[in-house]
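Structure file work34.cif (mmCIF, C-alpha atoms and all ligand atoms) follows.
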```
data_run
#
loop_
_atom_site.group_PDB
_atom_site.id
_atom_site.type_symbol
_atom_site.label_atom_id
_atom_site.label_comp_id
_atom_site.auth_asym_id
_atom_site.auth_seq_id
_atom_site.Cartn_x
_atom_site.Cartn_y
_atom_site.Cartn_z
ATOM 1 C CA MET A 228 77.894 73.053 89.684
ATOM 2 C CA VAL A 229 80.755 75.556 89.649
ATOM 3 C CA ARG A 230 79.701 79.095 88.749
ATOM 4 C CA ILE A 231 82.006 81.051 86.445
ATOM 5 C CA TYR A 232 81.594 84.662 85.335
ATOM 6 C CA LEU A 233 83.301 85.432 82.043
ATOM 7 C CA VAL A 234 84.166 89.115 81.942
ATOM 8 C CA PRO A 235 85.294 90.933 78.778
ATOM 9 C CA LEU A 236 88.236 93.224 79.519
ATOM 10 C CA THR A 237 88.176 94.733 76.024
ATOM 11 C CA ALA A 238 85.371 95.462 73.534
ATOM 12 C CA THR A 239 86.967 93.277 70.846
ATOM 13 C CA GLY A 240 88.780 89.947 70.826
ATOM 14 C CA PHE A 241 86.426 88.112 73.156
ATOM 15 C CA LEU A 242 82.785 89.224 73.015
ATOM 16 C CA GLU A 243 82.496 88.118 69.362
ATOM 17 C CA TYR A 244 83.480 84.568 70.327
ATOM 18 C CA VAL A 245 82.240 84.300 73.894
ATOM 19 C CA ASP A 246 79.546 81.686 73.180
ATOM 20 C CA THR A 247 81.900 79.402 71.245
ATOM 21 C CA ILE A 248 84.637 79.800 73.834
ATOM 22 C CA SER A 249 82.357 79.143 76.810
ATOM 23 C CA SER A 250 80.922 76.000 75.212
ATOM 24 C CA LEU A 251 84.449 74.684 74.484
ATOM 25 C CA VAL A 252 85.492 75.402 78.081
ATOM 26 C CA GLU A 253 82.361 73.778 79.515
ATOM 27 C CA ASP A 254 83.024 70.752 77.311
ATOM 28 C CA SER A 255 86.615 70.419 78.605
ATOM 29 C CA PHE A 256 85.350 70.406 82.190
ATOM 30 C CA THR A 257 82.444 68.055 81.423
ATOM 31 C CA SER A 258 84.982 65.624 79.936
ATOM 32 C CA ALA A 259 86.786 65.718 83.291
ATOM 33 C CA GLY A 260 83.517 65.070 85.137
ATOM 34 C CA VAL A 261 83.000 68.622 86.410
ATOM 35 C CA ARG A 262 79.986 70.705 85.481
ATOM 36 C CA LEU A 263 80.508 74.423 84.997
ATOM 37 C CA GLU A 264 77.820 77.035 84.785
ATOM 38 C CA THR A 265 79.184 80.000 82.841
ATOM 39 C CA TYR A 266 77.633 83.454 82.801
ATOM 40 C CA ASN A 267 78.574 86.300 80.518
ATOM 41 C CA TRP A 268 79.267 89.509 82.420
ATOM 42 C CA PRO A 269 76.984 92.152 80.840
ATOM 43 C CA GLU A 270 79.587 94.871 80.372
ATOM 44 C CA VAL A 271 83.207 95.421 79.433
ATOM 45 C CA VAL A 272 85.361 95.851 82.545
ATOM 46 C CA LYS A 273 88.329 97.777 81.204
ATOM 47 C CA PRO A 274 91.487 97.693 83.334
ATOM 48 C CA SER A 275 92.514 101.180 84.451
ATOM 49 C CA LEU A 276 95.718 102.882 83.321
ATOM 50 C CA LYS A 277 97.006 102.381 86.850
ATOM 51 C CA CYS A 278 97.693 98.820 85.692
ATOM 52 C CA TYR A 279 99.505 99.913 82.532
ATOM 53 C CA ASP A 280 103.285 100.005 82.329
ATOM 54 C CA TRP A 281 104.087 102.715 79.764
ATOM 55 C CA GLY A 282 107.760 101.748 79.629
ATOM 56 C CA ARG A 283 106.969 98.193 78.546
ATOM 57 C CA MET A 284 103.634 98.992 76.879
ATOM 58 C CA GLN A 285 102.079 96.060 78.736
ATOM 59 C CA TYR A 286 99.572 95.633 81.507
ATOM 60 C CA ILE A 287 100.669 94.279 84.881
ATOM 61 C CA ALA A 288 98.724 91.034 85.172
ATOM 62 C CA SER A 289 98.331 90.968 88.962
ATOM 63 C CA CYS A 290 97.035 94.565 88.954
ATOM 64 C CA VAL A 291 94.399 93.647 86.328
ATOM 65 C CA VAL A 292 93.296 90.616 88.370
ATOM 66 C CA GLU A 293 93.082 92.704 91.561
ATOM 67 C CA GLU A 294 90.910 95.346 89.868
ATOM 68 C CA LEU A 295 88.684 92.675 88.393
ATOM 69 C CA TYR A 296 88.318 91.083 91.810
ATOM 70 C CA LYS A 297 87.208 94.396 93.336
ATOM 71 C CA LYS A 298 84.666 94.998 90.572
ATOM 72 C CA THR A 299 83.126 91.528 90.361
ATOM 73 C CA SER A 300 83.484 89.666 93.656
ATOM 74 C CA THR A 301 80.631 91.365 95.505
ATOM 75 C CA LEU A 302 77.911 89.916 93.252
ATOM 76 C CA ASP A 303 78.537 86.261 94.056
ATOM 77 C CA PRO A 304 81.226 85.510 96.657
ATOM 78 C CA GLU A 305 81.050 81.785 95.825
ATOM 79 C CA GLY A 306 81.501 82.289 92.089
ATOM 80 C CA TYR A 307 84.728 82.581 90.111
ATOM 81 C CA SER A 308 85.524 85.510 87.810
ATOM 82 C CA LEU A 309 87.673 85.223 84.741
ATOM 83 C CA GLY A 310 88.468 88.257 82.597
ATOM 84 C CA VAL A 311 89.509 87.940 78.966
ATOM 85 C CA GLY A 312 90.922 90.814 76.958
ATOM 86 C CA MET A 313 92.929 91.396 73.814
ATOM 87 C CA LEU A 314 95.764 92.824 75.848
ATOM 88 C CA ASP A 315 99.424 92.113 76.426
ATOM 89 C CA ALA A 316 100.476 91.666 80.051
ATOM 90 C CA TYR A 317 103.430 90.616 82.161
ATOM 91 C CA GLU A 318 104.392 89.742 85.682
ATOM 92 C CA PRO A 319 107.697 90.784 87.281
ATOM 93 C CA GLY A 320 110.414 88.350 86.159
ATOM 94 C CA LEU A 321 108.553 87.300 82.995
ATOM 95 C CA ASN A 322 108.518 88.878 79.527
ATOM 96 C CA PHE A 323 104.801 88.234 79.206
ATOM 97 C CA VAL A 324 102.021 85.999 80.496
ATOM 98 C CA PHE A 325 99.085 84.442 78.617
ATOM 99 C CA GLY A 326 97.127 84.500 81.848
ATOM 100 C CA LEU A 327 97.240 84.726 85.617
ATOM 101 C CA ALA A 328 95.089 83.095 88.298
ATOM 102 C CA VAL A 329 94.828 84.166 91.933
ATOM 103 C CA PRO A 330 92.987 81.247 93.595
ATOM 104 C CA ALA A 331 92.710 83.041 96.964
ATOM 105 C CA LYS A 332 90.640 85.709 95.206
ATOM 106 C CA LYS A 333 88.796 83.313 92.889
ATOM 107 C CA THR A 334 89.793 85.604 90.046
ATOM 108 C CA ALA A 335 91.888 85.145 86.919
ATOM 109 C CA ALA A 336 92.587 86.857 83.616
ATOM 110 C CA VAL A 337 93.624 85.729 80.147
ATOM 111 C CA PHE A 338 95.488 88.096 77.810
ATOM 112 C CA THR A 339 94.952 87.233 74.181
ATOM 113 C CA LYS A 340 97.101 89.628 72.167
ATOM 114 C CA ARG A 341 99.871 87.039 71.756
ATOM 115 C CA LEU A 342 97.371 84.284 70.950
ATOM 116 C CA ARG A 343 96.544 85.917 67.609
ATOM 117 C CA GLU A 344 98.371 84.873 64.462
ATOM 118 C CA GLU A 345 98.537 88.554 63.458
ATOM 119 C CA TYR A 346 100.862 89.207 66.383
ATOM 120 C CA TYR A 347 103.464 87.067 64.608
ATOM 121 C CA GLY A 348 102.903 88.751 61.236
ATOM 122 C CA LYS A 349 100.712 85.928 59.925
ATOM 123 C CA PRO A 350 97.189 86.087 58.450
ATOM 124 C CA ALA A 351 94.345 85.945 60.974
ATOM 125 C CA ARG A 352 92.966 82.497 61.837
ATOM 126 C CA TYR A 353 89.896 82.825 63.954
ATOM 127 C CA ASP A 354 89.406 79.083 64.463
ATOM 128 C CA LEU A 355 92.929 78.800 65.862
ATOM 129 C CA TYR A 356 92.514 81.947 67.967
ATOM 130 C CA VAL A 357 89.280 80.686 69.552
ATOM 131 C CA GLU A 358 90.884 77.297 70.277
ATOM 132 C CA ARG A 359 93.901 78.964 71.924
ATOM 133 C CA VAL A 360 91.746 81.279 74.041
ATOM 134 C CA ALA A 361 89.583 78.316 75.119
ATOM 135 C CA LYS A 362 92.727 76.411 76.200
ATOM 136 C CA GLU A 363 94.110 79.308 78.207
ATOM 137 C CA VAL A 364 90.728 80.012 79.849
ATOM 138 C CA THR A 365 90.440 76.302 80.776
ATOM 139 C CA HIS A 366 94.019 76.393 82.109
ATOM 140 C CA GLU A 367 93.434 79.440 84.349
ATOM 141 C CA LEU A 368 90.124 78.023 85.618
ATOM 142 C CA GLY A 369 92.020 74.824 86.459
ATOM 143 C CA HIS A 370 94.374 76.935 88.597
ATOM 144 C CA LEU A 371 91.438 78.718 90.255
ATOM 145 C CA LEU A 372 89.981 75.369 91.277
ATOM 146 C CA GLY A 373 93.360 74.378 92.739
ATOM 147 C CA LEU A 374 95.337 72.574 90.020
ATOM 148 C CA GLN A 375 99.076 73.124 89.579
ATOM 149 C CA HIS A 376 101.063 72.845 86.345
ATOM 150 C CA CYS A 377 101.203 69.361 84.824
ATOM 151 C CA GLY A 378 104.178 67.603 83.248
ATOM 152 C CA ASP A 379 102.038 65.980 80.549
ATOM 153 C CA ARG A 380 102.608 68.224 77.496
ATOM 154 C CA LYS A 381 99.229 67.269 76.040
ATOM 155 C CA CYS A 382 97.375 68.214 79.215
ATOM 156 C CA VAL A 383 95.692 71.618 79.271
ATOM 157 C CA MET A 384 97.415 72.247 82.634
ATOM 158 C CA SER A 385 100.915 72.075 81.102
ATOM 159 C CA PHE A 386 102.703 75.427 81.151
ATOM 160 C CA SER A 387 103.001 77.120 77.746
ATOM 161 C CA ASN A 388 105.860 79.469 77.005
ATOM 162 C CA ASN A 389 104.706 80.298 73.475
ATOM 163 C CA VAL A 390 101.902 79.611 70.992
ATOM 164 C CA VAL A 391 103.665 76.518 69.611
ATOM 165 C CA GLU A 392 103.287 74.954 73.058
ATOM 166 C CA VAL A 393 99.703 76.193 73.328
ATOM 167 C CA ASP A 394 98.938 74.526 69.981
ATOM 168 C CA TYR A 395 100.681 71.323 71.029
ATOM 169 C CA LYS A 396 98.624 70.814 74.169
ATOM 170 C CA SER A 397 94.995 69.726 73.988
ATOM 171 C CA ARG A 398 92.151 71.616 75.636
ATOM 172 C CA PHE A 399 91.479 68.612 77.888
ATOM 173 C CA PHE A 400 92.695 67.589 81.343
ATOM 174 C CA CYS A 401 94.865 64.475 81.580
ATOM 175 C CA GLU A 402 93.577 61.571 83.685
ATOM 176 C CA LYS A 403 95.552 62.654 86.759
ATOM 177 C CA CYS A 404 94.397 66.295 86.618
ATOM 178 C CA ALA A 405 90.796 65.211 85.937
ATOM 179 C CA VAL A 406 90.778 63.100 89.115
ATOM 180 C CA ALA A 407 92.229 65.964 91.187
ATOM 181 C CA LEU A 408 89.781 68.415 89.625
ATOM 182 C CA LYS A 409 86.770 66.246 90.437
ATOM 183 C CA THR A 410 87.872 65.970 94.072
ATOM 184 C CA MET A 411 88.387 69.726 94.390
ATOM 185 C CA ALA A 412 85.083 70.527 92.672
ATOM 186 C CA SER A 413 83.168 68.222 95.012
ATOM 187 C CA HIS A 414 84.728 69.984 98.023
ATOM 188 C CA TYR A 415 83.664 73.284 96.495
ATOM 189 C CA MET A 416 80.119 72.046 95.945
ATOM 190 C CA SER A 417 79.766 70.728 99.469
ATOM 191 C CA ARG A 418 80.567 74.247 100.722
ATOM 192 C CA THR A 419 78.021 75.953 98.464
ATOM 193 C CA LYS A 420 74.413 75.365 97.613
HETATM 194 ZN ZN ZN A 501 99.532 78.088 84.528
HETATM 195 ZN ZN ZN A 502 97.530 67.017 83.661
#
```
How does the structure come out when it is put into structure tokens?
Ligand SMILES: [Zn+2]
Ligand SMILES: [Zn+2]
Amino acid sequence: MVRIYLVPLTATGFLEYVDTISSLVEDSFTSAGVRLETYNWPEVVKPSLKCYDWGRMQYIASCVVEELYKKTSTLDPEGYSLGVGMLDAYEPGLNFVFGLAVPAKKTAAVFTKRLREEYYGKPARYDLYVERVAKEVTHELGHLLGLQHCGDRKCVMSFSNNVVEVDYKSRFFCEKCAVALKTMASHYMSRTK
């Protein structure tokens, strides 16, 4: 069993849907033969303004992940932490990122502002939003467990540049990624109790 801590980075945009999202994510991993145990972090862990770029009005993704790591890693060194917030973030060289995973720190974050239909001037669609967040959370957890990007556009590990690509991919791992994931998860489990 792989332990995952889901941490809200903002008071809205995740907490309302956390149970639906975690069951979708668990289902994606179960379909690949890997059992996840997800826990909801009991409080909002807001990124500090140190991580905010006022010029771009975006958070710096790696700074958010580093802060999250410092705040959550002491509880369970063998567990993985994944923050989700309705924020916009970037990494140097990229206009924006939907998420970022730092496997060496067992910590990742997903930024959902651009996963909302409202961002593109369209009416809100909560079903679509929840599905997109679940895909990106599954994707970043895949990275945390050691997966790279996948060339199969339907695979959840394919890289998405925009929401059209997020919608095109499924929330499931392709055969190849599922096999790799199972191997990596069994290594993880042999190291932990
Ligand atoms: Zn990725
Ligand atoms: Zn794949």
Near ligand ZN 502 (chain A), 10 Å: chain A residue rows, closest pairs, all atoms listed in the file, as a tab-separated table:
```
residue	atom	partner	partner_atom	distance
A:Gly369	CA	A:ZN502	ZN	10.0
A:Leu374	CA	A:ZN502	ZN	8.7
A:Gln375	CA	A:ZN502	ZN	8.6
A:His376	CA	A:ZN502	ZN	7.3
A:Cys377	CA	A:ZN502	ZN	4.5
A:Gly378	CA	A:ZN502	ZN	6.7
A:Asp379	CA	A:ZN502	ZN	5.6
A:Arg380	CA	A:ZN502	ZN	8.1
A:Lys381	CA	A:ZN502	ZN	7.8
A:Cys382	CA	A:ZN502	ZN	4.6
A:Val383	CA	A:ZN502	ZN	6.6
A:Met384	CA	A:ZN502	ZN	5.3
A:Ser385	CA	A:ZN502	ZN	6.6
A:Phe399	CA	A:ZN502	ZN	8.5
A:Phe400	CA	A:ZN502	ZN	5.4
A:Cys401	CA	A:ZN502	ZN	4.2
A:Glu402	CA	A:ZN502	ZN	6.7
A:Lys403	CA	A:ZN502	ZN	5.7
A:Cys404	CA	A:ZN502	ZN	4.4
A:Ala405	CA	A:ZN502	ZN	7.3
A:Val406	CA	A:ZN502	ZN	9.5
A:Ala407	CA	A:ZN502	ZN	9.3
A:Leu408	CA	A:ZN502	ZN	9.9
```
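Take the candidates A:Ile248, A:Ala351, A:Leu236, A:Val390 and check each one against Lys298 in chain A using only C-alpha atoms; the shortest distance goes to A:Leu236.
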Exercise. To verify the selection step, state as a PyMOL selection string which residues the PyMOL selection byres (((chain A and resi 313) around 12) and not hetatm) yields on this input.
Key: chain A and resi 235-243+271+273-274+285-286+310-312+314-316+325-326+336-343+346+356+360
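If you measure from each of A:Glu367, A:Tyr244, A:Leu372, A:Met416 to ligand ZN 501 (chain A) using all atoms listed in the file, the closest one turns out to be A:Glu367.
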Practice problem: Check the smallest atom-to-atom distance from each of A:His366, A:Lys297, A:Arg418, A:Arg359 to ligand ZN 501 (chain A) using only C-alpha atoms and all ligand atoms, then report the winner. | Solution: A:His366
Quiz prompt | Separation of CA of Val245 in chain A from CA of Leu309 in chain A, in Å and rounded to one decimal | solution = 12.2 Å
